[in-house]
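One file, model-v2.cif, carrying mmCIF, C-alpha atoms:
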data_entry
#
loop_
_atom_site.label_atom_id
_atom_site.label_comp_id
_atom_site.auth_asym_id
_atom_site.auth_seq_id
_atom_site.Cartn_x
_atom_site.Cartn_y
_atom_site.Cartn_z
CA MET P 801 79.90 105.21 106.91
CA THR P 802 78.47 106.92 109.98
CA ASP P 803 77.49 110.56 110.17
CA SER P 804 80.59 111.10 112.34
CA ALA P 805 83.04 109.80 109.71
CA PRO P 806 85.77 112.34 108.89
CA VAL P 807 85.87 113.98 105.48
CA MET P 808 89.27 112.34 105.06
CA ALA P 809 90.27 109.56 107.45
CA ARG P 810 93.95 109.60 108.35
CA HIS P 811 96.22 106.69 109.28
CA THR P 812 99.42 108.01 110.86
CA ARG P 813 102.65 106.28 111.81
CA GLY P 814 106.22 107.32 112.58
CA THR P 815 107.98 110.51 113.59
CA GLY P 816 109.77 113.26 111.72
CA PRO P 817 108.71 115.56 108.86
CA ASP P 818 105.19 115.09 107.50
CA LEU P 819 104.76 112.86 104.46
CA VAL P 820 101.21 112.53 103.11
CA LEU P 821 100.12 109.65 100.85
CA PHE P 822 97.14 109.72 98.46
CA HIS P 823 95.72 106.42 97.18
CA GLY P 824 94.50 105.46 93.74
CA GLY P 825 91.00 105.08 92.35
CA MET P 826 88.76 102.41 93.87
CA GLY P 827 91.33 102.37 96.67
CA CYS P 828 92.05 103.34 100.24
CA TRP P 829 95.06 103.93 102.47
CA GLN P 830 95.97 100.25 102.06
CA HIS P 831 97.30 100.99 98.58
CA TRP P 832 100.40 101.93 100.63
CA ALA P 833 100.40 98.75 102.74
CA ARG P 834 103.98 97.84 101.77
CA ASN P 835 105.37 101.38 101.97
CA ILE P 836 104.19 102.87 105.25
CA THR P 837 106.54 100.98 107.56
CA PRO P 838 109.84 101.76 105.77
CA LEU P 839 108.80 105.37 105.16
CA SER P 840 107.73 105.84 108.78
CA ALA P 841 111.27 105.09 109.96
CA HIS P 842 112.18 108.56 108.63
CA PHE P 843 108.90 110.50 108.44
CA THR P 844 105.54 110.98 110.09
CA VAL P 845 103.52 109.18 107.43
CA HIS P 846 99.87 110.09 106.94
CA ALA P 847 98.06 107.68 104.62
CA LEU P 848 94.68 109.18 103.79
CA ASP P 849 91.32 107.80 102.76
CA GLN P 850 90.09 110.40 100.31
CA PRO P 851 86.43 111.52 100.56
CA SER P 852 83.97 108.70 99.79
CA TYR P 853 86.72 106.06 100.06
CA GLY P 854 87.62 103.71 102.89
CA ALA P 855 86.60 105.08 106.28
CA SER P 856 85.95 108.64 105.05
CA ALA P 857 82.58 110.33 104.80
CA GLU P 858 80.51 110.15 101.63
CA VAL P 859 80.17 112.96 99.13
CA PRO P 860 77.19 113.41 96.80
CA ARG P 861 77.51 111.10 93.81
CA GLU P 862 76.77 114.01 91.47
CA MET P 863 79.76 116.01 92.78
CA THR P 864 82.01 117.21 89.94
CA GLY P 865 85.73 116.60 89.77
CA ALA P 866 86.45 120.30 90.34
CA ALA P 867 84.22 120.40 93.42
CA TYR P 868 85.88 117.23 94.71
CA LEU P 869 89.34 118.82 94.45
CA ASP P 870 88.03 121.88 96.30
CA LEU P 871 86.67 119.63 99.06
CA VAL P 872 89.96 117.75 99.38
CA HIS P 873 91.81 121.07 99.68
CA GLU P 874 89.47 122.30 102.42
CA ALA P 875 89.70 119.03 104.33
CA PHE P 876 93.47 118.94 103.94
CA LEU P 877 93.84 122.39 105.51
CA GLN P 878 91.81 121.16 108.47
CA LEU P 879 94.07 118.14 108.90
CA PHE P 880 97.32 120.03 108.33
CA PRO P 881 96.89 123.64 109.49
CA GLY P 882 99.73 126.11 109.66
CA GLN P 883 102.76 126.47 107.46
CA SER P 884 104.94 123.47 108.32
CA PRO P 885 106.62 121.93 105.26
CA LEU P 886 105.01 118.94 103.59
CA ARG P 887 106.08 116.10 101.34
CA LEU P 888 103.35 114.55 99.17
CA ALA P 889 103.08 111.30 97.26
CA GLY P 890 100.17 110.33 95.03
CA PHE P 891 99.30 107.19 93.13
CA SER P 892 97.05 107.28 90.02
CA PHE P 893 93.86 109.16 91.02
CA GLY P 894 95.78 110.28 94.12
CA GLY P 895 98.54 111.62 91.89
CA ALA P 896 96.12 114.08 90.29
CA ILE P 897 94.97 115.11 93.75
CA ALA P 898 98.51 115.49 95.13
CA ALA P 899 99.64 117.58 92.15
CA ASN P 900 96.60 119.84 92.49
CA LEU P 901 97.23 120.30 96.21
CA ALA P 902 100.92 121.01 95.63
CA THR P 903 99.94 123.83 93.29
CA ARG P 904 97.43 125.26 95.76
CA LEU P 905 99.77 125.01 98.76
CA GLY P 906 102.70 126.60 96.97
CA ALA P 907 106.00 126.83 98.84
CA ARG P 908 104.69 124.75 101.74
CA VAL P 909 105.13 121.59 99.62
CA THR P 910 108.83 120.79 99.24
CA HIS P 911 108.63 117.42 97.43
CA LEU P 912 106.04 115.72 95.23
CA CYS P 913 106.39 112.08 94.17
CA LEU P 914 103.89 110.85 91.59
CA ILE P 915 103.41 107.16 90.87
CA SER P 916 101.68 106.59 87.52
CA PRO P 917 99.46 109.63 88.10
CA GLY P 918 96.00 110.26 86.75
CA GLY P 919 94.63 113.63 85.76
CA PHE P 920 95.54 113.55 82.07
CA PRO P 921 93.09 114.94 79.51
CA ALA P 922 90.42 112.39 78.60
CA ARG P 923 91.23 110.59 75.33
CA SER P 924 88.67 108.82 73.15
CA ASN P 925 91.24 106.98 71.05
CA TYR P 926 92.51 104.69 73.83
CA ALA P 927 91.09 101.17 73.90
CA ASP P 928 88.49 100.21 76.49
CA ARG P 929 89.73 98.17 79.44
CA PRO P 930 88.47 94.56 79.49
CA THR P 931 87.36 94.73 83.13
CA ARG P 932 84.52 92.74 84.65
CA SER P 933 81.63 94.17 86.66
CA TYR P 934 81.80 93.64 90.42
CA LYS P 935 78.02 93.86 90.60
CA SER P 936 77.76 90.71 88.48
CA ALA P 937 79.01 88.67 91.46
CA ALA P 938 75.90 89.55 93.46
CA ALA P 939 76.23 87.66 96.77
CA ASP P 940 78.75 85.10 95.46
CA GLU P 941 81.90 85.87 97.46
CA HIS P 942 84.08 83.44 95.52
CA LEU P 943 83.07 84.99 92.21
CA PHE P 944 83.58 88.48 93.65
CA ARG P 945 87.17 87.64 94.57
CA GLU P 946 87.77 86.12 91.12
CA ILE P 947 86.57 89.37 89.56
CA CYS P 948 88.91 91.25 91.90
CA ARG P 949 91.77 89.06 90.65
CA HIS P 950 90.84 89.61 87.00
CA ASN P 951 90.52 93.39 87.35
CA LEU P 952 93.77 93.67 89.30
CA LEU P 953 95.59 92.07 86.36
CA VAL P 954 93.88 94.42 83.90
CA ASN P 955 94.31 97.64 85.85
CA MET P 956 96.93 97.32 88.54
CA LEU P 957 99.42 94.45 88.51
CA SER P 958 101.67 92.95 85.86
CA SER P 959 101.91 89.35 87.10
CA PRO P 960 99.47 86.80 88.57
CA ASN P 961 102.24 85.91 91.02
CA SER P 962 101.80 89.32 92.63
CA ILE P 963 98.30 88.45 93.82
CA THR P 964 97.96 86.82 97.25
CA GLU P 965 94.93 86.38 99.45
CA ASP P 966 96.04 89.53 101.28
CA THR P 967 96.05 91.39 97.95
CA LEU P 968 92.51 90.23 97.28
CA ASP P 969 91.48 91.27 100.79
CA ILE P 970 92.75 94.80 100.12
CA GLN P 971 91.01 94.97 96.75
CA ALA P 972 87.74 93.59 98.11
CA TYR P 973 87.69 96.11 100.94
CA CYS P 974 88.54 98.99 98.61
CA VAL P 975 85.87 98.08 96.07
CA ARG P 976 83.21 97.82 98.75
CA HIS P 977 84.16 101.17 100.26
CA THR P 978 84.33 103.19 97.02
CA ARG P 979 81.46 105.69 96.70
CA PHE P 980 82.80 108.25 94.20
CA ASN P 981 83.71 107.97 90.53
CA SER P 982 87.44 108.71 90.50
CA ARG P 983 87.38 109.17 86.72
CA LYS P 984 85.90 112.62 87.31
CA VAL P 985 89.37 113.57 88.60
CA SER P 986 91.60 111.02 86.87
CA GLY P 987 90.18 112.04 83.49
CA GLY P 988 89.67 115.65 84.44
CA GLY P 989 92.71 117.06 82.67
CA THR P 990 94.14 118.98 85.64
CA LEU P 991 97.53 117.26 85.90
CA LEU P 992 99.57 119.01 83.22
CA GLY P 993 98.41 122.49 84.17
CA ASP P 994 99.20 121.79 87.81
CA LEU P 995 102.64 120.40 87.04
CA ALA P 996 103.45 123.46 84.92
CA GLN P 997 102.95 125.61 88.03
CA LEU P 998 104.91 123.49 90.52
CA ARG P 999 107.44 125.17 92.78
CA CYS P 1000 108.67 121.99 94.47
CA LYS P 1001 110.89 119.04 93.61
CA LEU P 1002 109.15 116.40 91.48
CA ARG P 1003 109.89 112.72 90.94
CA LEU P 1004 107.84 110.51 88.60
CA LEU P 1005 107.75 106.73 89.09
CA TRP P 1006 106.17 104.52 86.43
CA GLY P 1007 106.00 100.72 86.34
CA GLU P 1008 107.60 99.14 83.29
CA GLY P 1009 104.50 96.95 83.01
CA ASP P 1010 102.17 99.94 83.21
CA ASP P 1011 101.94 100.20 79.45
CA SER P 1012 99.01 99.10 77.33
CA ILE P 1013 96.71 100.11 74.49
CA TYR P 1014 94.45 101.73 77.10
CA ARG P 1015 97.30 103.38 79.06
CA PRO P 1016 100.28 103.95 76.72
CA ALA P 1017 103.27 104.83 78.89
CA ASP P 1018 105.36 106.64 76.27
CA ASP P 1019 102.47 108.93 75.34
CA LEU P 1020 101.55 109.83 78.92
CA ILE P 1021 105.14 110.30 80.10
CA ALA P 1022 105.80 112.52 77.07
CA GLN P 1023 102.88 114.69 78.11
CA VAL P 1024 104.44 115.17 81.55
CA ARG P 1025 107.82 115.90 80.01
CA SER P 1026 106.22 118.60 77.83
CA VAL P 1027 105.59 120.68 80.96
CA VAL P 1028 108.41 119.44 83.24
CA GLU P 1029 111.92 119.47 81.87
CA PRO P 1030 114.26 118.01 82.93
CA LEU P 1031 112.02 115.22 84.23
CA ASP P 1032 113.21 113.06 87.14
CA LEU P 1033 111.70 109.80 85.83
CA HIS P 1034 112.28 106.26 87.06
CA ARG P 1035 110.72 103.19 85.43
CA ILE P 1036 110.03 100.47 87.99
CA PRO P 1037 110.99 96.96 86.84
CA GLN P 1038 108.73 93.97 87.44
CA ALA P 1039 105.76 96.20 88.21
CA GLY P 1040 102.55 97.39 86.64
CA HIS P 1041 100.36 100.35 87.55
CA TRP P 1042 100.39 99.63 91.32
CA SER P 1043 104.18 99.59 91.44
CA ALA P 1044 104.35 100.74 95.07
CA TYR P 1045 102.83 97.37 95.95
CA GLU P 1046 104.16 95.07 93.25
CA ASN P 1047 107.79 96.17 93.57
CA ALA P 1048 107.70 97.86 96.96
CA PRO P 1049 111.46 97.54 97.69
CA GLU P 1050 112.40 99.54 94.57
CA VAL P 1051 109.69 102.15 95.09
CA ASN P 1052 110.55 102.51 98.78
CA HIS P 1053 114.22 103.02 97.90
CA LEU P 1054 113.39 105.69 95.31
CA MET P 1055 110.91 107.46 97.58
CA LEU P 1056 113.29 107.57 100.54
CA ASP P 1057 116.14 108.74 98.30
CA PHE P 1058 113.92 111.52 96.97
CA PHE P 1059 112.25 112.65 100.17
CA THR P 1060 115.48 112.78 102.19
CA THR P 1061 117.29 115.12 99.79
#
Please lay out the structure from this file as structure tokens.
Amino acid sequence: MTDSAPVMARHTRGTGPDLVLFHGGMGCWQHWARNITPLSAHFTVHALDQPSYGASAEVPREMTGAAYLDLVHEAFLQLFPGQSPLRLAGFSFGGAIAANLATRLGARVTHLCLISPGGFPARSNYADRPTRSYKSAAADEHLFREICRHNLLVNMLSSPNSITEDTLDIQAYCVRHTRFNSRKVSGGGTLLGDLAQLRCKLRLLWGEGDDSIYRPADDLIAQVRSVVEPLDLHRIPQAGHWSAYENAPEVNHLMLDFFTT
């Protein structure tokens, strides 16, 4: 990135009330590639690249999760000054960020949609993910894309049929433009405390296939329900962790239904 790169790059489309989208770990605004167009028919959609992702400026690698959330808050206020109402949606790592921002911004945030959010307390009793190292591909582009495919099926998608060349293009770009360890936030334990303080409407979307020995759905959803009751929860069929991509029609329907009420 150049010295002139913004702290958070913004990709905006549409007209109407502001809807801000936060991507997942090792991601960028393209995590919302299949959602922006239908949402922008009703809202001004701002898909962000969080700091040290995509086209945004780098942060120091030693930055803590707490300092990162502070930086996002400061940058967000620069991008969205004033008191106009906001709708937020966050996926995974971006879910922890969106929930933290909703707490900080108070009554200004009217709606918060979380899609398989991160930010739960770190747990040592979950199994390790069988991912492969991207660095092991070295300069072999074919091998790099095969590792992208493998890791997408471990972390993000429930079916090999969901992976196209376009999917691999998104993943390859995101991996190569990730310069911060999202686990500092995703495993930072901020989510439940933030949700307990929410003043806005909340909807939780969770892929039916986003359930494994390293990410047990029932356990994590129960933790959310312990601080948010009643919980507006929708399980997304035929979708894994990245349900907004894998079953975009269902997620788009549920997001529009939520954000327009």
Residues in the PyMOL selection byres ((chain P and resi 830-839) around 7), expressed as a list in words: His823, Gly827, Cys828, Trp829, Ser840, Ala841, His842, Phe843, Val845, Ile970, Ala1044, Tyr1045, Ala1048, Asn1052 and Leu1056 of chain P
Check which residues of range 955-984 of chain P sit at most 10 Å from range 919-931 of chain P using all atoms listed in the file, and return one row each with the closest pair of atoms and their distance in Å to one decimal, ordered by chain and rising number, as a tab-separated table.
residue	atom	partner	partner_atom	distance
P:Asn955	CA	P:Arg929	CA	7.9
P:Ser982	CA	P:Gly919	CA	9.9
P:Arg983	CA	P:Gly919	CA	8.6
P:Lys984	CA	P:Gly919	CA	8.9
Target residues per the PyMOL selection byres ((chain P and resi 962) around 10), formatted as an mmCIF file with C-alpha atoms, keeping the file's coordinate frame:
data_model
loop_
_atom_site.group_PDB
_atom_site.id
_atom_site.type_symbol
_atom_site.label_atom_id
_atom_site.label_comp_id
_atom_site.auth_asym_id
_atom_site.auth_seq_id
_atom_site.Cartn_x
_atom_site.Cartn_y
_atom_site.Cartn_z
ATOM 1 C CA LEU P 952 93.770 93.670 89.300
ATOM 2 C CA LEU P 953 95.590 92.070 86.360
ATOM 3 C CA LEU P 957 99.420 94.450 88.510
ATOM 4 C CA SER P 958 101.670 92.950 85.860
ATOM 5 C CA SER P 959 101.910 89.350 87.100
ATOM 6 C CA PRO P 960 99.470 86.800 88.570
ATOM 7 C CA ASN P 961 102.240 85.910 91.020
ATOM 8 C CA ILE P 963 98.300 88.450 93.820
ATOM 9 C CA THR P 964 97.960 86.820 97.250
ATOM 10 C CA THR P 967 96.050 91.390 97.950
ATOM 11 C CA GLN P 1038 108.730 93.970 87.440
ATOM 12 C CA ALA P 1039 105.760 96.200 88.210
ATOM 13 C CA TYR P 1045 102.830 97.370 95.950
ATOM 14 C CA GLU P 1046 104.160 95.070 93.250
ATOM 15 C CA ASN P 1047 107.790 96.170 93.570
#
Just want the 7 Å neighbourhood of range 948-950 of chain P, counted on all atoms listed in the file, with same-chain residues fewer than 3 positions away dropped. Output as a PyMOL selection string. chain P and resi 944-945+953-954+968+971-972
Which one is closest to Gly824 in chain P: P:Ser804, P:Cys974, P:Glu1008, P:Glu941? Count only C-alpha atoms. P:Cys974
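Each of P:Leu1033, P:Val975, P:Leu871, P:Met956 was compared to Lys935 in chain P using all atoms listed in the file, and P:Val975 turns out to be the nearest.
With only C-alpha atoms as the atoms that count, the residue of P:Val872, P:Ile897, P:Val1051, P:Met863 with the shortest distance to Gly989 in chain P is P:Ile897.
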Could you pull the residues within 7 Å of Gly1007 in chain P, counting only C-alpha atoms, minus those fewer than 5 positions along the same chain, as a PyMOL selection string? chain P and resi 1035-1037+1039-1041+1043
Record the distance separating CA of Ser1026 in chain P and CA of Leu991 in chain P, expressed in Å with one decimal. 11.9 Å
Computed interatomic separation between CA of Leu995 in chain P and CA of Glu1029 in chain P (Å): 10.7 Å
Could you list the residues chosen by the PyMOL selection byres ((chain P and resi 899) around 9) in this structure as an MDAnalysis selection string? chainID P and resid 888:890 894:898 900:904 912:914 917 990:991 994:995 998
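For the atom pair formed by CA of Phe880 in chain P and CA of Val909 in chain P, the distance is 11.8 Å, given to one decimal.
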Excluding range 858-862 of chain P and any residue of its chain fewer than 5 positions from it, enumerate the residues within 7 Å of it, using all atoms listed in the file, and give them as an MDAnalysis selection string. chainID P and resid 851:852 979:980
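The residue that comes closest to Arg887 in chain P, out of P:His1034, P:Arg976, P:His846, P:His811 and on the basis of only C-alpha atoms, is P:His846.
Each of P:Ser1012, P:Thr910, P:Gln850, P:Ser936 was compared to Ser884 in chain P using all atoms listed in the file, and P:Thr910 turns out to be the nearest.
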With distances taken over only C-alpha atoms, which residue among P:Tyr934, P:Phe1058, P:Tyr868, P:Trp1006 lies nearest Ser986 in chain P? P:Tyr868
From the coordinates supplied, range 1011-1022 of chain P should be written with N, CA, C and O atoms, as a short mmCIF file (atom, residue, chain, number, x, y, z; two decimals), in the first residue's frame.
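The new file decode_22.cif reads:
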data_model
loop_
_atom_site.label_atom_id
_atom_site.label_comp_id
_atom_site.auth_asym_id
_atom_site.auth_seq_id
_atom_site.Cartn_x
_atom_site.Cartn_y
_atom_site.Cartn_z
N ASP P 1011 -20.40 -25.41 11.38
CA ASP P 1011 -20.48 -26.20 12.61
C ASP P 1011 -19.43 -27.29 12.53
O ASP P 1011 -19.46 -28.12 11.63
N SER P 1012 -18.49 -27.27 13.45
CA SER P 1012 -17.38 -28.21 13.39
C SER P 1012 -16.77 -28.36 14.78
O SER P 1012 -17.13 -27.64 15.72
N ILE P 1013 -15.82 -29.26 14.90
CA ILE P 1013 -15.14 -29.47 16.18
C ILE P 1013 -14.25 -28.28 16.52
O ILE P 1013 -13.84 -28.14 17.68
N TYR P 1014 -13.95 -27.42 15.54
CA TYR P 1014 -13.17 -26.22 15.85
C TYR P 1014 -14.03 -24.97 15.85
O TYR P 1014 -13.54 -23.88 16.18
N ARG P 1015 -15.32 -25.10 15.50
CA ARG P 1015 -16.26 -23.96 15.60
C ARG P 1015 -17.66 -24.53 15.85
O ARG P 1015 -18.50 -24.54 14.95
N PRO P 1016 -17.94 -25.00 17.06
CA PRO P 1016 -19.22 -25.66 17.34
C PRO P 1016 -20.37 -24.64 17.42
O PRO P 1016 -20.40 -23.78 18.31
N ALA P 1017 -21.29 -24.75 16.49
CA ALA P 1017 -22.35 -23.75 16.36
C ALA P 1017 -23.21 -23.65 17.61
O ALA P 1017 -23.50 -22.55 18.10
N ASP P 1018 -23.66 -24.80 18.14
CA ASP P 1018 -24.57 -24.77 19.28
C ASP P 1018 -23.93 -24.06 20.48
O ASP P 1018 -24.59 -23.30 21.19
N ASP P 1019 -22.67 -24.32 20.71
CA ASP P 1019 -21.96 -23.69 21.82
C ASP P 1019 -21.89 -22.19 21.64
O ASP P 1019 -22.22 -21.41 22.55
N LEU P 1020 -21.46 -21.75 20.46
CA LEU P 1020 -21.26 -20.32 20.23
C LEU P 1020 -22.59 -19.56 20.20
O LEU P 1020 -22.70 -18.47 20.77
N ILE P 1021 -23.60 -20.15 19.56
CA ILE P 1021 -24.91 -19.49 19.54
C ILE P 1021 -25.48 -19.40 20.95
O ILE P 1021 -26.09 -18.39 21.34
N ALA P 1022 -25.27 -20.44 21.76
CA ALA P 1022 -25.75 -20.40 23.15
C ALA P 1022 -25.08 -19.28 23.93
O ALA P 1022 -25.71 -18.65 24.80
#
